[in-house]
>>> print(open('target36.txt').read())   # compact mmCIF, C-alpha atoms
# COMPACT_ATOMS: atom_id res chain seq x y z
CA MET A 8 82.59 112.71 128.62
CA ASN A 9 85.44 110.21 128.83
CA ILE A 10 84.48 106.55 128.49
CA ASP A 11 86.89 103.88 129.66
CA SER A 12 86.57 101.41 126.80
CA ASP A 13 88.45 98.76 128.88
CA ILE A 14 85.23 97.98 130.71
CA PHE A 15 83.83 96.74 127.40
CA LYS A 16 86.95 94.80 126.42
CA ILE A 17 86.41 91.21 125.38
CA GLN A 18 87.91 88.78 127.82
CA SER A 19 89.28 85.60 126.34
CA ASN A 20 86.92 82.66 126.17
CA ASN A 21 89.99 80.41 126.62
CA VAL A 22 89.56 78.50 123.35
CA LEU A 23 92.90 77.73 121.72
CA PRO A 24 93.45 78.68 118.08
CA SER A 25 93.88 75.92 115.52
CA ARG A 26 93.28 75.27 111.82
CA GLY A 27 89.58 75.57 111.00
CA LYS A 28 88.69 77.77 113.99
CA ILE A 29 87.65 81.39 113.60
CA LEU A 30 88.90 84.59 115.19
CA ILE A 31 86.31 87.21 116.11
CA SER A 32 87.69 90.72 116.61
CA GLU A 33 86.91 92.62 119.80
CA PRO A 34 84.22 95.32 119.40
CA PHE A 35 86.44 98.41 119.53
CA LEU A 36 89.30 97.28 117.30
CA ARG A 37 89.79 100.29 115.02
CA ASP A 38 91.45 98.87 111.97
CA ALA A 39 90.20 98.99 108.38
CA THR A 40 91.06 95.34 107.76
CA PHE A 41 90.45 93.74 111.15
CA GLY A 42 87.78 95.89 112.79
CA ARG A 43 84.57 93.83 113.21
CA SER A 44 86.15 90.97 111.30
CA VAL A 45 85.72 87.20 111.32
CA ILE A 46 88.87 85.35 110.26
CA LEU A 47 89.09 81.68 109.36
CA LEU A 48 92.40 80.20 110.48
CA VAL A 49 93.73 78.14 107.59
CA ASP A 50 96.94 77.31 109.43
CA HIS A 51 98.26 77.65 112.98
CA THR A 52 101.65 76.22 113.94
CA ASP A 53 104.62 77.11 116.17
CA GLU A 54 106.08 79.01 113.19
CA GLY A 55 103.04 81.25 112.75
CA SER A 56 99.43 81.52 111.68
CA MET A 57 97.57 82.27 108.47
CA GLY A 58 93.95 83.24 108.05
CA LEU A 59 91.40 84.73 105.68
CA VAL A 60 89.05 87.55 106.64
CA ILE A 61 85.76 86.09 105.48
CA ASN A 62 83.37 88.99 106.02
CA LYS A 63 84.92 91.90 104.07
CA GLN A 64 83.81 92.05 100.44
CA LEU A 65 85.87 94.07 97.98
CA PRO A 66 84.33 96.49 95.45
CA LEU A 67 85.71 94.21 92.75
CA PHE A 68 84.61 90.94 91.17
CA LEU A 69 86.54 87.88 90.06
CA ASN A 70 85.05 88.53 86.61
CA ASP A 71 87.20 91.70 86.47
CA ILE A 72 90.37 89.62 86.90
CA ILE A 73 89.69 86.29 85.15
CA MET A 74 88.74 87.07 81.55
CA GLU A 75 87.06 83.67 80.98
CA PHE A 76 84.50 84.72 83.61
CA LYS A 77 83.76 88.08 81.99
CA TYR A 78 80.23 87.18 80.86
CA LEU A 79 79.22 85.09 83.89
CA ASP A 80 77.18 86.40 86.82
CA GLU A 81 79.29 88.55 89.15
CA ILE A 82 81.53 86.49 91.43
CA PRO A 83 82.36 88.44 94.61
CA LEU A 84 85.92 88.89 95.84
CA TYR A 85 86.80 89.27 99.52
CA LYS A 86 89.71 90.98 101.24
CA GLY A 87 91.50 88.04 102.84
CA GLY A 88 93.98 90.32 104.57
CA PRO A 89 96.75 92.85 104.08
CA ILE A 90 99.47 90.40 102.96
CA ALA A 91 100.00 89.35 99.29
CA THR A 92 96.98 91.34 98.10
CA ASP A 93 97.80 90.44 94.50
CA THR A 94 97.44 86.71 95.23
CA LEU A 95 94.15 84.83 94.82
CA PHE A 96 93.06 82.34 97.48
CA TYR A 97 89.86 80.33 97.45
CA LEU A 98 87.87 78.40 100.01
CA HIS A 99 85.57 75.71 98.69
CA THR A 100 83.46 72.69 99.56
CA LEU A 101 84.60 70.62 96.54
CA SER A 102 86.32 67.50 97.84
CA ASP A 103 87.61 66.35 94.44
CA ILE A 104 89.86 69.33 93.56
CA PRO A 105 93.46 68.01 93.33
CA GLY A 106 95.97 69.72 95.61
CA SER A 107 93.37 71.20 97.98
CA ILE A 108 94.24 71.57 101.66
CA SER A 109 91.60 70.34 104.10
CA ILE A 110 90.80 73.12 106.58
CA SER A 111 87.93 71.48 108.43
CA LYS A 112 85.25 68.89 107.70
CA GLY A 113 84.14 69.53 104.11
CA LEU A 114 86.02 72.83 103.72
CA TYR A 115 89.14 73.16 101.57
CA LEU A 116 91.68 75.81 100.59
CA ASN A 117 93.01 76.32 97.06
CA GLY A 118 93.95 73.37 94.85
CA ASP A 119 94.14 73.05 91.06
CA PHE A 120 92.76 76.35 89.75
CA ASP A 121 92.14 74.91 86.28
CA GLU A 122 89.71 72.45 87.90
CA ILE A 123 88.00 75.32 89.75
CA LYS A 124 87.70 77.27 86.47
CA LYS A 125 86.30 74.21 84.70
CA TYR A 126 83.75 73.72 87.51
CA ILE A 127 82.61 77.37 87.20
CA LEU A 128 82.55 77.46 83.38
CA GLN A 129 80.37 74.32 83.34
CA GLY A 130 77.70 76.42 85.07
CA ASN A 131 77.95 74.79 88.49
CA LYS A 132 76.84 76.53 91.68
CA ILE A 133 79.38 79.01 93.09
CA SER A 134 77.32 80.58 95.86
CA GLU A 135 78.06 78.89 99.20
CA CYS A 136 80.46 76.48 97.40
CA ILE A 137 83.45 78.66 96.52
CA ARG A 138 84.61 81.98 97.96
CA PHE A 139 87.52 83.96 96.48
CA PHE A 140 89.95 86.21 98.37
CA LEU A 141 92.74 88.60 97.50
CA GLY A 142 95.46 88.52 100.14
CA TYR A 143 95.65 86.83 103.52
CA SER A 144 96.25 87.63 107.18
CA GLY A 145 99.39 86.38 108.89
CA TRP A 146 101.01 86.32 112.31
CA ASP A 147 104.58 85.44 113.35
CA SER A 148 105.18 82.56 115.76
CA GLU A 149 103.84 84.00 119.05
CA GLN A 150 102.10 87.08 117.65
CA LEU A 151 98.57 85.63 117.42
CA ASN A 152 98.79 84.01 120.87
CA ASN A 153 99.88 87.38 122.30
CA GLU A 154 96.98 89.17 120.60
CA ILE A 155 94.56 86.59 122.02
CA ARG A 156 96.05 87.09 125.50
CA GLU A 157 95.57 90.85 125.00
CA ASN A 158 91.89 90.11 124.23
CA THR A 159 92.04 91.38 120.65
CA TRP A 160 90.46 88.12 119.43
CA LEU A 161 87.98 85.53 120.61
CA VAL A 162 88.45 82.05 119.20
CA SER A 163 85.43 80.02 118.16
CA GLU A 164 84.33 77.29 115.80
CA GLU A 165 81.78 77.50 113.01
CA GLU A 166 80.13 75.12 110.57
CA LYS A 167 81.19 75.39 106.93
CA SER A 168 77.61 76.38 105.98
CA TYR A 169 77.95 79.48 108.18
CA LEU A 170 81.43 80.32 106.88
CA MET A 171 80.41 80.02 103.23
CA LYS A 172 77.04 81.78 103.41
CA ASN A 173 76.58 84.98 101.47
CA ASN A 174 75.07 87.08 104.24
CA ILE A 175 78.32 88.58 105.51
CA LYS A 176 76.79 91.83 106.77
CA ASP A 177 75.83 90.34 110.15
CA MET A 178 78.51 87.66 110.35
CA TRP A 179 80.62 89.37 113.05
CA ARG A 180 77.60 90.11 115.28
CA THR A 181 76.14 86.63 114.82
CA ALA A 182 79.47 84.96 115.65
CA LEU A 183 79.66 86.92 118.91
CA GLU A 184 76.03 86.23 119.83
CA LYS A 185 76.57 82.48 119.47
CA LEU A 186 79.13 82.66 122.30
CA GLY A 187 76.52 83.62 124.90
CA SER A 188 74.76 86.57 126.49
CA LYS A 189 77.91 88.41 127.64
CA TYR A 190 79.22 88.53 124.08
CA GLU A 191 75.76 89.17 122.62
CA THR A 192 75.66 92.44 124.57
CA TRP A 193 79.07 93.42 123.20
CA SER A 194 77.88 92.74 119.66
CA ARG A 195 75.49 95.69 119.96
CA PHE A 196 78.09 98.26 121.06
CA PRO A 197 78.96 100.96 118.53
CA GLN A 198 82.50 100.62 117.21
CA VAL A 199 83.33 104.12 118.46
CA PRO A 200 81.41 104.56 121.77
CA THR A 201 81.79 108.36 121.78
CA LEU A 202 79.76 108.55 118.55
CA ASN A 203 76.73 106.90 120.14
>>> encode(input="target36.txt", output="structure tokens")
Amino acid sequence: MNIDSDIFKIQSNNVLPSRGKILISEPFLRDATFGRSVILLVDHTDEGSMGLVINKQLPLFLNDIIMEFKYLDEIPLYKGGPIATDTLFYLHTLSDIPGSISISKGLYLNGDFDEIKKYILQGNKISECIRFFLGYSGWDSEQLNNEIRENTWLVSEEEKSYLMKNNIKDMWRTALEKLGSKYETWSRFPQVPTLN
């Protein structure tokens, strides 16, 4: 039986991308990095866009990389994207970290890593306050806009509490459901319809 997956294709919700918004992948995107992903846009300009996949945890912990954290509770690492996978990025809610870039209200990117380390080593809360990523996702000047026009992505907005929560398993589905009943139905489709 041949199924025309175009009938299930997400149609743009006509929200423009900008820093702090999220991208939600269309249901049938078959890509190890971007399939069923939620990406936080940390920058979007005429020159290009940069984002972090926030719902794909790696089978690796920050404790494996930063020796000072070796004996702390496991700190999860996420796959931010396929570019610069040897580079550490971090989202956080700590407003007093020097050099941080404000992404949206109360949410920051990077900043002085020594201050982040000090915060962690003092025993402060990490869960829902700091999230670490290896790599990032990037698009050339018109590439993201073209992908949105091709209905690869929906653009939405989320609160920092949602973006920083630890329950990433249902994040993609929940983000779609929040956009209304049409998208809620799509959130229940199997990724490969022929396997249903």
>>> closest_residue(input="target36.txt", among="A:Phe35, A:Phe76, A:Phe140, A:Tyr97", to="Lys124 of chain A", atoms="only C-alpha atoms")
A:Phe76
>>> closest_residue(input="target36.txt", among="A:Asp38, A:Asp53, A:Glu166, A:Glu33", to="Ser111 of chain A", atoms="all atoms listed in the file")
A:Glu166
>>> residues_around(input="target36.txt", residues="Ile46 of chain A", least_positions_apart="6", cutoff="8 Å", atoms="only C-alpha atoms", output="number ranges by chain")
A: 29-31, 58-62
>>> closest_residue(input="target36.txt", among="A:Val22, A:Leu128, A:Ile82, A:Cys136", to="Trp160 of chain A", atoms="all atoms listed in the file")
A:Val22
>>> residues_around(input="target36.txt", residues="Thr94 of chain A", least_positions_apart="2", cutoff="9 Å", atoms="only C-alpha atoms", output="list in words")
Ile90, Ala91, Thr92, Phe96, Phe140, Leu141, Gly142 and Tyr143 of chain A
>>> residues_around(input="target36.txt", residues="Ser102 of chain A", least_positions_apart="2", cutoff="8 Å", atoms="all atoms listed in the file", output="MDAnalysis selection string")
chainID A and resid 100 104 107 113:115
>>> residues_around(input="target36.txt", residues="Phe68 of chain A", least_positions_apart="2", cutoff="8 Å", atoms="only C-alpha atoms", output="list in words")
Leu65, Pro66, Asn70, Asp71, Ile72, Glu81, Ile82, Pro83 and Leu84 of chain A
>>> atom_distance(input="target36.txt", atom1="atom CA of Met57 of chain A", atom2="atom CA of Leu151 of chain A")
9.6 Å
>>> atom_distance(input="target36.txt", atom1="atom CA of Ser134 of chain A", atom2="atom CA of His99 of chain A")
10.0 Å
>>> closest_residue(input="target36.txt", among="A:Lys132, A:Arg43, A:Lys185, A:Arg156", to="Tyr169 of chain A", atoms="all atoms listed in the file")
A:Lys185
>>> residues_around(input="target36.txt", residues="Leu36 of chain A", least_positions_apart="2", cutoff="10 Å", atoms="all atoms listed in the file", output="list in words")
Lys16, Ser32, Glu33, Pro34, Asp38, Ala39, Thr40, Phe41, Gly42, Arg43, Ser44, Thr159, Trp160, Gln198 and Val199 of chain A
>>> atom_distance(input="target36.txt", atom1="atom CA of Glu135 of chain A", atom2="atom CA of Ser56 of chain A")
24.9 Å
>>> closest_residue(input="target36.txt", among="A:Arg180, A:Lys28, A:Lys63, A:His51", to="Gly145 of chain A", atoms="only C-alpha atoms")
A:His51
>>> closest_residue(input="target36.txt", among="A:Ala182, A:Glu122, A:Phe139, A:Leu98", to="Glu164 of chain A", atoms="only C-alpha atoms")
A:Ala182
>>> decode(input="target36.txt", residues="segment 82-98 of chain A", atoms="all heavy atoms", output="tab-separated table (two decimals), in the first residue's frame")
chain	number	residue	atom	x	y	z
A	82	ILE	N	25.63	14.83	35.08
A	82	ILE	CA	25.10	16.02	34.43
A	82	ILE	C	24.91	15.68	32.96
A	82	ILE	O	25.89	15.45	32.24
A	82	ILE	CB	26.07	17.23	34.59
A	82	ILE	CG1	26.34	17.51	36.07
A	82	ILE	CG2	25.50	18.45	33.87
A	82	ILE	CD1	27.47	18.48	36.32
A	83	PRO	N	23.65	15.61	32.48
A	83	PRO	CA	23.39	15.20	31.10
A	83	PRO	C	23.99	16.16	30.08
A	83	PRO	O	24.12	17.36	30.32
A	83	PRO	CB	21.86	15.21	30.99
A	83	PRO	CG	21.34	15.36	32.37
A	83	PRO	CD	22.44	15.93	33.21
A	84	LEU	N	24.33	15.60	28.93
A	84	LEU	CA	24.78	16.37	27.76
A	84	LEU	C	23.77	16.13	26.64
A	84	LEU	O	23.27	15.02	26.48
A	84	LEU	CB	26.14	15.86	27.29
A	84	LEU	CG	27.39	16.54	27.82
A	84	LEU	CD1	28.63	15.80	27.35
A	84	LEU	CD2	27.46	17.99	27.40
A	85	TYR	N	23.52	17.17	25.86
A	85	TYR	CA	22.57	17.08	24.75
A	85	TYR	C	23.29	17.33	23.44
A	85	TYR	O	24.30	18.02	23.40
A	85	TYR	CB	21.44	18.10	24.95
A	85	TYR	CG	20.61	17.79	26.17
A	85	TYR	CD1	21.02	18.21	27.43
A	85	TYR	CD2	19.45	17.03	26.06
A	85	TYR	CE1	20.29	17.90	28.56
A	85	TYR	CE2	18.71	16.72	27.19
A	85	TYR	CZ	19.13	17.16	28.44
A	85	TYR	OH	18.40	16.83	29.55
A	86	LYS	N	22.73	16.76	22.38
A	86	LYS	CA	23.29	16.95	21.04
A	86	LYS	C	22.68	18.24	20.47
A	86	LYS	O	21.54	18.24	20.00
A	86	LYS	CB	22.96	15.76	20.15
A	86	LYS	CG	23.55	15.87	18.76
A	86	LYS	CD	23.24	14.64	17.93
A	86	LYS	CE	23.93	14.74	16.59
A	86	LYS	NZ	23.78	13.51	15.82
A	87	GLY	N	23.44	19.32	20.52
A	87	GLY	CA	22.93	20.61	20.06
A	87	GLY	C	22.77	20.69	18.55
A	87	GLY	O	22.00	21.48	18.03
A	88	GLY	N	23.49	19.83	17.84
A	88	GLY	CA	23.42	19.81	16.38
A	88	GLY	C	24.67	19.21	15.80
A	88	GLY	O	25.60	18.84	16.52
A	89	PRO	N	24.71	19.15	14.47
A	89	PRO	CA	25.81	18.46	13.79
A	89	PRO	C	27.07	19.31	13.55
A	89	PRO	O	28.06	18.80	13.04
A	89	PRO	CB	25.18	18.06	12.45
A	89	PRO	CG	24.16	19.12	12.20
A	89	PRO	CD	23.64	19.53	13.54
A	90	ILE	N	27.04	20.59	13.92
A	90	ILE	CA	28.17	21.47	13.66
A	90	ILE	C	28.97	21.68	14.95
A	90	ILE	O	28.38	21.86	16.02
A	90	ILE	CB	27.67	22.84	13.12
A	90	ILE	CG1	26.82	22.64	11.87
A	90	ILE	CG2	28.85	23.77	12.82
A	90	ILE	CD1	26.04	23.87	11.44
A	91	ALA	N	30.30	21.66	14.86
A	91	ALA	CA	31.20	21.90	16.00
A	91	ALA	C	30.86	20.99	17.18
A	91	ALA	O	30.70	21.45	18.31
A	91	ALA	CB	31.16	23.37	16.42
A	92	THR	N	30.78	19.69	16.91
A	92	THR	CA	30.37	18.74	17.95
A	92	THR	C	31.41	18.55	19.05
A	92	THR	O	31.15	17.85	20.02
A	92	THR	CB	30.03	17.36	17.33
A	92	THR	OG1	31.16	16.92	16.56
A	92	THR	CG2	28.81	17.44	16.43
A	93	ASP	N	32.55	19.20	18.92
A	93	ASP	CA	33.55	19.15	19.98
A	93	ASP	C	33.52	20.43	20.82
A	93	ASP	O	34.40	20.67	21.65
A	93	ASP	CB	34.95	18.93	19.40
A	93	ASP	CG	35.35	20.00	18.40
A	93	ASP	OD1	34.48	20.82	18.00
A	93	ASP	OD2	36.53	20.05	18.01
A	94	THR	N	32.51	21.27	20.60
A	94	THR	CA	32.39	22.54	21.31
A	94	THR	C	31.21	22.49	22.27
A	94	THR	O	30.12	22.05	21.91
A	94	THR	CB	32.20	23.70	20.31
A	94	THR	OG1	33.30	23.69	19.39
A	94	THR	CG2	32.16	25.04	21.01
A	95	LEU	N	31.44	22.94	23.51
A	95	LEU	CA	30.42	22.93	24.54
A	95	LEU	C	29.65	24.26	24.54
A	95	LEU	O	30.25	25.33	24.54
A	95	LEU	CB	31.09	22.71	25.91
A	95	LEU	CG	30.16	22.55	27.10
A	95	LEU	CD1	29.39	21.23	27.01
A	95	LEU	CD2	30.97	22.59	28.40
A	96	PHE	N	28.33	24.14	24.52
A	96	PHE	CA	27.45	25.30	24.66
A	96	PHE	C	26.59	25.06	25.89
A	96	PHE	O	26.35	23.91	26.27
A	96	PHE	CB	26.55	25.45	23.43
A	96	PHE	CG	27.29	25.72	22.16
A	96	PHE	CD1	27.75	24.68	21.36
A	96	PHE	CD2	27.57	27.02	21.76
A	96	PHE	CE1	28.45	24.91	20.19
A	96	PHE	CE2	28.28	27.27	20.60
A	96	PHE	CZ	28.72	26.22	19.81
A	97	TYR	N	26.09	26.12	26.49
A	97	TYR	CA	25.23	25.91	27.65
A	97	TYR	C	24.17	27.01	27.72
A	97	TYR	O	24.42	28.18	27.52
A	97	TYR	CB	26.02	25.83	28.96
A	97	TYR	CG	27.24	26.72	29.04
A	97	TYR	CD1	27.22	27.92	29.73
A	97	TYR	CD2	28.43	26.35	28.40
A	97	TYR	CE1	28.34	28.73	29.79
A	97	TYR	CE2	29.55	27.16	28.46
A	97	TYR	CZ	29.50	28.35	29.15
A	97	TYR	OH	30.60	29.16	29.20
A	98	LEU	N	22.95	26.55	27.95
A	98	LEU	CA	21.81	27.42	28.21
A	98	LEU	C	21.64	27.48	29.71
A	98	LEU	O	21.81	26.47	30.39
A	98	LEU	CB	20.53	26.83	27.62
A	98	LEU	CG	20.26	27.00	26.15
A	98	LEU	CD1	18.97	26.26	25.78
A	98	LEU	CD2	20.15	28.47	25.77
